[in-house]
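This is structure_14.tsv (TSV, C-alpha atoms).
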chain	number	residue	atom	x	y	z
A	70	MET	CA	-112.60	-57.16	58.22
A	71	PRO	CA	-113.84	-59.16	55.21
A	72	LEU	CA	-113.65	-57.57	51.80
A	73	ALA	CA	-117.41	-57.28	51.46
A	74	ALA	CA	-117.57	-55.36	54.73
A	75	LEU	CA	-114.88	-52.99	53.55
A	76	ALA	CA	-116.76	-52.45	50.34
A	77	VAL	CA	-119.98	-51.73	52.16
A	78	VAL	CA	-118.44	-48.66	53.75
A	79	ALA	CA	-118.47	-47.03	50.34
A	80	VAL	CA	-122.13	-47.83	49.63
A	81	GLY	CA	-122.34	-47.89	45.88
A	82	THR	CA	-118.84	-47.05	44.83
A	83	ALA	CA	-116.27	-48.58	42.57
A	84	GLY	CA	-114.94	-50.25	45.69
A	85	TRP	CA	-117.79	-52.68	45.25
A	86	ALA	CA	-117.98	-52.90	41.60
A	87	LEU	CA	-115.17	-52.61	39.18
A	88	LEU	CA	-114.13	-56.21	38.98
A	89	GLY	CA	-110.39	-56.58	38.62
A	90	PRO	CA	-108.44	-59.42	37.03
A	91	GLY	CA	-109.36	-62.83	38.32
A	92	ARG	CA	-112.56	-61.55	39.89
A	93	SER	CA	-115.84	-62.50	38.32
A	94	SER	CA	-119.44	-63.05	39.16
A	95	SER	CA	-122.56	-64.23	37.42
A	96	GLN	CA	-123.85	-60.72	37.81
A	97	ALA	CA	-120.97	-59.18	35.92
A	98	ASP	CA	-121.34	-61.79	33.19
A	99	ASP	CA	-125.07	-61.22	32.84
A	100	ALA	CA	-125.02	-57.44	32.95
A	101	PRO	CA	-124.49	-55.40	29.81
A	102	SER	CA	-120.78	-54.69	29.40
A	103	ARG	CA	-121.43	-51.33	27.85
A	104	THR	CA	-124.23	-48.87	27.46
A	105	ALA	CA	-123.75	-45.88	25.21
A	106	THR	CA	-127.31	-44.65	25.35
A	107	ALA	CA	-129.71	-43.63	28.06
A	108	THR	CA	-131.49	-46.98	27.73
A	109	PRO	CA	-129.32	-50.07	28.31
A	110	ALA	CA	-130.28	-53.61	27.43
A	111	PRO	CA	-132.40	-55.29	30.11
A	112	ALA	CA	-130.36	-56.87	32.88
A	113	SER	CA	-130.63	-60.52	33.79
A	114	PRO	CA	-132.70	-61.24	36.92
A	115	ALA	CA	-129.44	-62.41	38.48
A	116	ALA	CA	-128.08	-58.91	38.10
A	117	THR	CA	-130.62	-57.31	40.35
A	118	SER	CA	-131.20	-57.54	44.05
A	119	ALA	CA	-134.70	-56.10	44.04
A	120	PRO	CA	-137.70	-56.11	41.70
A	121	PRO	CA	-137.26	-53.69	38.78
A	122	SER	CA	-138.25	-50.16	39.62
A	123	ALA	CA	-140.90	-48.30	37.73
A	124	GLY	CA	-138.19	-45.75	36.89
A	125	PRO	CA	-138.32	-41.97	37.01
A	126	THR	CA	-141.59	-40.38	37.97
A	127	THR	CA	-140.69	-36.89	36.72
A	128	LEU	CA	-139.49	-35.67	33.35
A	129	PRO	CA	-136.22	-33.75	33.01
A	130	ASP	CA	-136.32	-29.98	32.76
A	131	PRO	CA	-135.84	-29.18	29.04
A	132	ASP	CA	-133.98	-26.00	29.98
A	133	ALA	CA	-131.53	-27.82	32.27
A	134	PRO	CA	-128.04	-28.80	31.08
A	135	SER	CA	-127.71	-32.22	29.46
A	136	ILE	CA	-125.39	-34.59	31.27
A	137	ALA	CA	-123.17	-37.50	30.23
A	138	PHE	CA	-121.71	-40.22	32.44
A	139	PHE	CA	-118.45	-41.86	31.37
A	140	GLY	CA	-116.78	-44.77	33.13
A	141	ASP	CA	-116.92	-48.42	34.12
A	142	SER	CA	-119.42	-50.95	35.51
A	143	LEU	CA	-120.59	-48.43	38.08
A	144	THR	CA	-121.58	-46.20	35.18
A	145	VAL	CA	-123.29	-49.17	33.49
A	146	GLY	CA	-125.30	-49.63	36.69
A	147	VAL	CA	-124.44	-53.29	37.23
A	148	GLY	CA	-126.42	-54.57	40.20
A	149	ALA	CA	-129.51	-52.44	39.69
A	150	PRO	CA	-132.51	-52.77	37.39
A	151	PRO	CA	-132.17	-51.11	33.98
A	152	GLU	CA	-131.88	-47.32	34.16
A	153	ARG	CA	-131.63	-47.34	37.98
A	154	GLY	CA	-127.86	-47.06	38.33
A	155	TYR	CA	-126.31	-43.91	39.74
A	156	ALA	CA	-126.17	-42.17	36.35
A	157	TRP	CA	-129.93	-42.26	35.85
A	158	GLN	CA	-130.74	-41.55	39.48
A	159	THR	CA	-128.37	-38.56	39.55
A	160	ALA	CA	-129.95	-37.10	36.41
A	161	GLU	CA	-133.40	-37.71	37.83
A	162	ALA	CA	-132.54	-36.02	41.15
A	163	LEU	CA	-131.21	-33.00	39.28
A	164	GLY	CA	-133.93	-32.91	36.65
A	165	TRP	CA	-131.25	-32.88	33.93
A	166	PRO	CA	-131.67	-34.75	30.63
A	167	ILE	CA	-129.16	-37.51	29.89
A	168	ALA	CA	-127.07	-37.02	26.76
A	169	VAL	CA	-125.30	-40.38	26.98
A	170	VAL	CA	-124.32	-43.06	29.49
A	171	ASP	CA	-121.08	-44.67	28.33
A	172	GLY	CA	-119.75	-47.41	30.59
A	173	VAL	CA	-117.68	-50.54	30.06
A	174	GLY	CA	-117.38	-53.04	32.89
A	175	GLY	CA	-113.82	-53.48	34.13
A	176	SER	CA	-112.48	-50.55	32.13
A	177	GLY	CA	-110.37	-47.61	33.23
A	178	PHE	CA	-108.02	-44.99	31.92
A	179	LEU	CA	-105.74	-47.82	30.76
A	180	ALA	CA	-107.65	-51.02	31.58
A	181	PRO	CA	-109.76	-52.28	28.64
A	182	GLY	CA	-112.11	-54.35	30.76
A	183	GLU	CA	-114.84	-56.00	28.71
A	184	GLY	CA	-114.36	-53.67	25.77
A	185	GLU	CA	-112.30	-50.53	25.27
A	186	PRO	CA	-110.43	-48.35	27.78
A	187	MET	CA	-111.95	-44.97	28.41
A	188	PRO	CA	-109.64	-42.91	26.16
A	189	ASP	CA	-110.77	-44.96	23.15
A	190	ARG	CA	-114.37	-43.91	23.81
A	191	VAL	CA	-113.93	-40.15	24.13
A	192	ASP	CA	-115.29	-39.53	20.63
A	193	ASP	CA	-118.55	-41.28	21.54
A	194	VAL	CA	-119.07	-38.94	24.48
A	195	VAL	CA	-118.13	-35.85	22.45
A	196	ALA	CA	-120.57	-36.88	19.71
A	197	ALA	CA	-123.44	-36.76	22.23
A	198	ALA	CA	-122.70	-33.04	22.83
A	199	PRO	CA	-123.41	-32.99	26.58
A	200	GLU	CA	-123.18	-29.80	28.60
A	201	VAL	CA	-121.89	-31.63	31.69
A	202	VAL	CA	-119.70	-34.75	31.76
A	203	VAL	CA	-119.03	-36.89	34.86
A	204	VAL	CA	-115.87	-38.96	34.36
A	205	ALA	CA	-115.46	-41.84	36.82
A	206	GLY	CA	-112.51	-44.23	36.63
A	207	GLY	CA	-109.26	-45.47	38.09
A	208	SER	CA	-110.22	-48.39	40.32
A	209	ASN	CA	-109.82	-51.01	37.61
A	210	ASP	CA	-106.45	-49.54	36.71
A	211	ALA	CA	-105.40	-50.10	40.32
A	212	PHE	CA	-106.76	-53.64	40.35
A	213	ARG	CA	-104.83	-54.48	37.19
A	214	GLY	CA	-101.59	-53.09	38.58
A	215	TYR	CA	-101.01	-50.13	36.30
A	216	GLU	CA	-98.55	-47.57	37.62
A	217	PRO	CA	-100.25	-44.43	38.98
A	218	ALA	CA	-97.98	-42.22	36.87
A	219	GLN	CA	-99.14	-44.01	33.72
A	220	VAL	CA	-102.76	-43.67	34.75
A	221	GLN	CA	-102.32	-39.99	35.52
A	222	ALA	CA	-100.86	-39.38	32.06
A	223	ALA	CA	-103.70	-41.29	30.36
A	224	ALA	CA	-106.35	-39.55	32.45
A	225	THR	CA	-104.84	-36.13	31.76
A	226	GLN	CA	-104.87	-36.84	28.04
A	227	LEU	CA	-108.49	-38.05	28.17
A	228	LEU	CA	-109.64	-34.96	30.07
A	229	THR	CA	-107.73	-32.68	27.72
A	230	GLU	CA	-109.41	-34.32	24.72
A	231	LEU	CA	-112.83	-33.96	26.35
A	232	ARG	CA	-112.23	-30.27	26.98
A	233	THR	CA	-111.03	-29.79	23.41
A	234	GLY	CA	-113.99	-31.66	21.94
A	235	LEU	CA	-116.49	-30.04	24.32
A	236	PRO	CA	-115.06	-26.57	24.96
A	237	ASP	CA	-118.26	-25.23	26.51
A	238	ALA	CA	-119.04	-28.26	28.67
A	239	THR	CA	-118.36	-28.68	32.38
A	240	VAL	CA	-116.21	-31.77	32.97
A	241	VAL	CA	-116.17	-33.20	36.51
A	242	VAL	CA	-113.97	-36.06	37.68
A	243	LEU	CA	-115.30	-38.52	40.25
A	244	GLY	CA	-112.26	-40.17	41.78
A	245	PRO	CA	-111.79	-43.92	42.36
A	246	PHE	CA	-112.68	-45.79	45.52
A	247	VAL	CA	-109.55	-47.86	45.86
A	248	SER	CA	-108.77	-46.78	49.44
A	249	VAL	CA	-112.17	-47.93	50.64
A	250	LEU	CA	-111.91	-51.28	48.89
A	251	LEU	CA	-108.45	-51.98	50.25
A	252	GLY	CA	-109.29	-50.82	53.75
A	253	GLY	CA	-107.20	-47.67	53.61
A	254	THR	CA	-108.09	-44.48	55.41
A	255	GLN	CA	-105.82	-42.10	53.52
A	256	GLU	CA	-105.83	-41.04	49.89
A	257	ASP	CA	-104.20	-43.84	47.92
A	258	ALA	CA	-101.77	-43.42	45.05
A	259	MET	CA	-104.36	-44.04	42.34
A	260	THR	CA	-106.72	-41.46	43.78
A	261	ALA	CA	-103.85	-38.99	43.92
A	262	ALA	CA	-103.03	-39.76	40.29
A	263	VAL	CA	-106.59	-39.13	39.12
A	264	ARG	CA	-106.78	-35.99	41.24
A	265	GLY	CA	-103.52	-34.82	39.66
A	266	ALA	CA	-104.94	-35.42	36.19
A	267	ALA	CA	-108.01	-33.33	37.01
A	268	GLU	CA	-105.84	-30.53	38.32
A	269	ALA	CA	-103.58	-30.67	35.25
A	270	ALA	CA	-106.60	-30.47	32.96
A	271	GLY	CA	-108.19	-27.70	35.01
A	272	VAL	CA	-111.40	-29.55	35.86
A	273	PRO	CA	-113.13	-30.11	39.24
A	274	PHE	CA	-112.35	-33.27	41.21
A	275	LEU	CA	-114.77	-34.91	43.64
A	276	ASP	CA	-113.31	-37.35	46.18
A	277	ALA	CA	-115.61	-40.34	45.79
A	278	ALA	CA	-114.80	-41.94	49.12
A	279	GLU	CA	-115.35	-38.68	50.98
A	280	LEU	CA	-118.53	-37.91	49.06
A	281	VAL	CA	-120.21	-41.24	49.79
A	282	GLY	CA	-118.66	-41.63	53.23
A	283	SER	CA	-120.19	-38.36	54.38
A	284	ALA	CA	-123.57	-39.37	52.93
A	285	THR	CA	-123.56	-42.63	54.91
A	286	SER	CA	-121.98	-41.37	58.13
A	287	GLY	CA	-123.44	-43.03	61.18
A	288	ARG	CA	-125.41	-45.66	59.29
A	289	GLN	CA	-125.23	-49.27	60.41
A	290	GLY	CA	-125.99	-52.52	58.64
A	291	LEU	CA	-125.23	-51.34	55.12
A	292	ARG	CA	-125.55	-54.81	53.55
A	293	PRO	CA	-129.00	-53.86	52.15
A	294	TYR	CA	-127.24	-51.38	49.85
A	295	LEU	CA	-125.34	-54.16	48.06
A	296	SER	CA	-126.51	-56.31	45.18
A	297	ALA	CA	-126.43	-60.10	45.26
A	298	ASP	CA	-122.78	-60.31	44.17
A	299	GLY	CA	-121.63	-58.42	47.26
A	300	LEU	CA	-119.56	-56.05	45.12
A	301	HIS	CA	-121.86	-53.79	43.16
A	302	PRO	CA	-124.51	-51.53	44.69
A	303	ASN	CA	-128.16	-52.30	44.28
A	304	GLU	CA	-130.69	-49.65	43.29
A	305	THR	CA	-130.77	-48.21	46.81
A	306	GLY	CA	-127.00	-48.09	47.04
A	307	TYR	CA	-126.75	-46.28	43.74
A	308	GLY	CA	-129.35	-43.88	45.07
A	309	VAL	CA	-127.07	-42.94	47.96
A	310	LEU	CA	-124.25	-42.14	45.54
A	311	ALA	CA	-126.63	-40.28	43.24
A	312	GLY	CA	-128.00	-38.15	46.05
A	313	ALA	CA	-124.54	-37.15	47.21
A	314	LEU	CA	-123.41	-36.36	43.67
A	315	ALA	CA	-126.56	-34.39	42.88
A	316	GLU	CA	-125.74	-32.08	45.79
A	317	ARG	CA	-122.21	-31.40	44.56
A	318	LEU	CA	-122.73	-30.93	40.82
A	319	PRO	CA	-124.89	-27.80	40.49
A	320	PRO	CA	-122.37	-25.38	42.08
A	321	LEU	CA	-119.74	-26.62	39.60
A	322	VAL	CA	-121.83	-25.77	36.54
A	323	PRO	CA	-121.73	-22.11	35.41
With the file now loaded, output its structure as C-alpha cells.
Amino acid sequence: MPLAALAVVAVGTAGWALLGPGRSSSQADDAPSRTATATPAPASPAATSAPPSAGPTTLPDPDAPSIAFFGDSLTVGVGAPPERGYAWQTAEALGWPIAVVDGVGGSGFLAPGEGEPMPDRVDDVVAAAPEVVVVAGGSNDAFRGYEPAQVQAAATQLLTELRTGLPDATVVVLGPFVSVLLGGTQEDAMTAAVRGAAEAAGVPFLDAAELVGSATSGRQGLRPYLSADGLHPNETGYGVLAGALAERLPPLVP
C-alpha cells in the first residue's frame, strides 16, 4: 500500500502531517511554521485544498473553559485555510474559547522542527493561562529517530512542567500517529512512550489512531480528506479529528 494510502486511514492525523527529515513540500514551506495566537498568518493558496472557509459561525461560550493546543504542524493547521485546523474546529465544536494555539511544524518532544522543540515552549502556553491544554506530539521524534525512552523522559518533564505551571488546568495528551503512517496495526514504541509519559505525569491519554480510526470506520475513498501535499489533512479532514476529539474532551474536564 502506498504511503499516502496508509496516511489516509488516519484522516487528519500526524501520520499525514509531521514532516520528518528529508521530507518536504511546497505546502510545508508556505505554511506558517508556528502560531502562538488564535489567529495565524494567512496561508499561501498552495497550502489549502479548498477555498478559505468563512470560519466559525457561533461565538464561544464565555463561561466555558478556555483551551490551548500545543504541538506540531497538525496544531498549526497546515493544509487548511487559516483558523480551520483541528484546534479551531475542536474549540468551535465545544463552544470553548481558545487561549492559545502553539504549534511548530516538524517539532516534537525532542525534535526542533522549524523552530523550537515543545519543552522550550512550555512557558508560552503557561503564560496564556488556559483551563484545558491538549498536548499532541511524538511523530516527528519517531521520524527523526529519537529513542522512545528519551522521548518519554522529555515528554514526562514537559507534562510535569505544565502541571506545575497550570496546577488547576486539565492537561490531555493526544498520542502520535506513527503506527498508522508506517502501516502498523499495533501500538508502536513511540506511542507507548508518550502514553507512559502521560501516565507518569498523571494526565489523561487519548490514542490518536484509535480516536480517528473509530470516527472514520467504514468510510471509503478518503482522499478528499487530504490536502494537496497528500500528507496533511484539509479542512474537512481536520474536522473529522476535531469532531472525535470534541466528543472525548468534556468528560475529562472537572
- prompt: What is the atom CA of A:Gly172-atom CA of A:Tyr215 distance in Å, reported with one decimal?
  reply: 19.8 Å
message: If I take atom CA of A:Tyr294 and atom CA of A:Gly146, how far is one from the other in Å, to one decimal?
response: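 If I compute the distance from atom CA of A:Tyr294 to atom CA of A:Gly146, I get 13.4 Å.
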field: Residue neighbourhood stretch 240-245 of chain A, 9 Å, only C-alpha atoms, exclusion window fewer than 5 positions, as a VMD selection string
entry: chain A and resid 82 to 84 200 to 209 228 231 to 232 235 259 to 261 263 to 264 267 272 to 278 318 321 to 322
query: From the set A:Pro150, A:Gly140, A:Gly164, A:Pro131, which residue has the shortest atom-to-atom contact distance to A:Ser296, counting all atoms listed in the file?
result: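 Going through A:Pro150, A:Gly140, A:Gly164, A:Pro131 one by one, the smallest distance to A:Ser296 is for A:Pro150.
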field: Residues near A:Val194, cut-off 9 Å, only C-alpha atoms, skip fewer than 6 positions along chain, as JSON, numbers by chain
entry: {"A": [105, 137, 138, 139, 168, 169, 170, 171, 202, 231]}
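Closest to A:Ala297 among A:Val220, A:Ala270, A:Ala156, A:Val147 is A:Val147, based on all atoms listed in the file.
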query: Which residue, A:Asn303, A:Ser135, A:Ser176, A:Thr225, has the smallest gap to A:Thr239 when you use only C-alpha atoms?
result: A:Ser135
message: Need the shell around A:Pro319: protein/DNA/RNA residues with any atom at most 12 Å away, counting all atoms listed in the file. Skip same-chain ones fewer than 2 positions apart. Format as a PyMOL selection string?
response: chain A and resi 133-134+136+159-160+162-165+201+239+241+313-317+321-323
Please produce an output containing C-alpha atoms for each residue in the selection, written as a CSV table (one decimal), in the coordinates of the input.
chain,number,residue,atom,x,y,z
A,133,ALA,CA,-131.5,-27.8,32.3
A,134,PRO,CA,-128.0,-28.8,31.1
A,136,ILE,CA,-125.4,-34.6,31.3
A,159,THR,CA,-128.4,-38.6,39.6
A,160,ALA,CA,-130.0,-37.1,36.4
A,162,ALA,CA,-132.5,-36.0,41.2
A,163,LEU,CA,-131.2,-33.0,39.3
A,164,GLY,CA,-133.9,-32.9,36.6
A,165,TRP,CA,-131.2,-32.9,33.9
A,201,VAL,CA,-121.9,-31.6,31.7
A,239,THR,CA,-118.4,-28.7,32.4
A,241,VAL,CA,-116.2,-33.2,36.5
A,313,ALA,CA,-124.5,-37.2,47.2
A,314,LEU,CA,-123.4,-36.4,43.7
A,315,ALA,CA,-126.6,-34.4,42.9
A,316,GLU,CA,-125.7,-32.1,45.8
A,317,ARG,CA,-122.2,-31.4,44.6
A,321,LEU,CA,-119.7,-26.6,39.6
A,322,VAL,CA,-121.8,-25.8,36.5
A,323,PRO,CA,-121.7,-22.1,35.4
query: Mind pulling up the distance from atom CA of A:Glu161 to atom CA of A:Gly234?
result: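 One can read the atom CA of A:Gly234 to atom CA of A:Glu161 distance as 25.8 Å.
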message: With distances taken over only C-alpha atoms, which residue among A:Leu143, A:Val309, A:Ala222, A:Ala196 lies nearest A:Phe178?
response: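 So, comparing all the options, the nearest one is A:Ala222.
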field: Counting all atoms listed in the file, the residue of A:Leu227, A:Trp157, A:Ala198, A:Ala149 that sits nearest A:Pro186
entry: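 Of all the options, A:Leu227 lies closest to A:Pro186.
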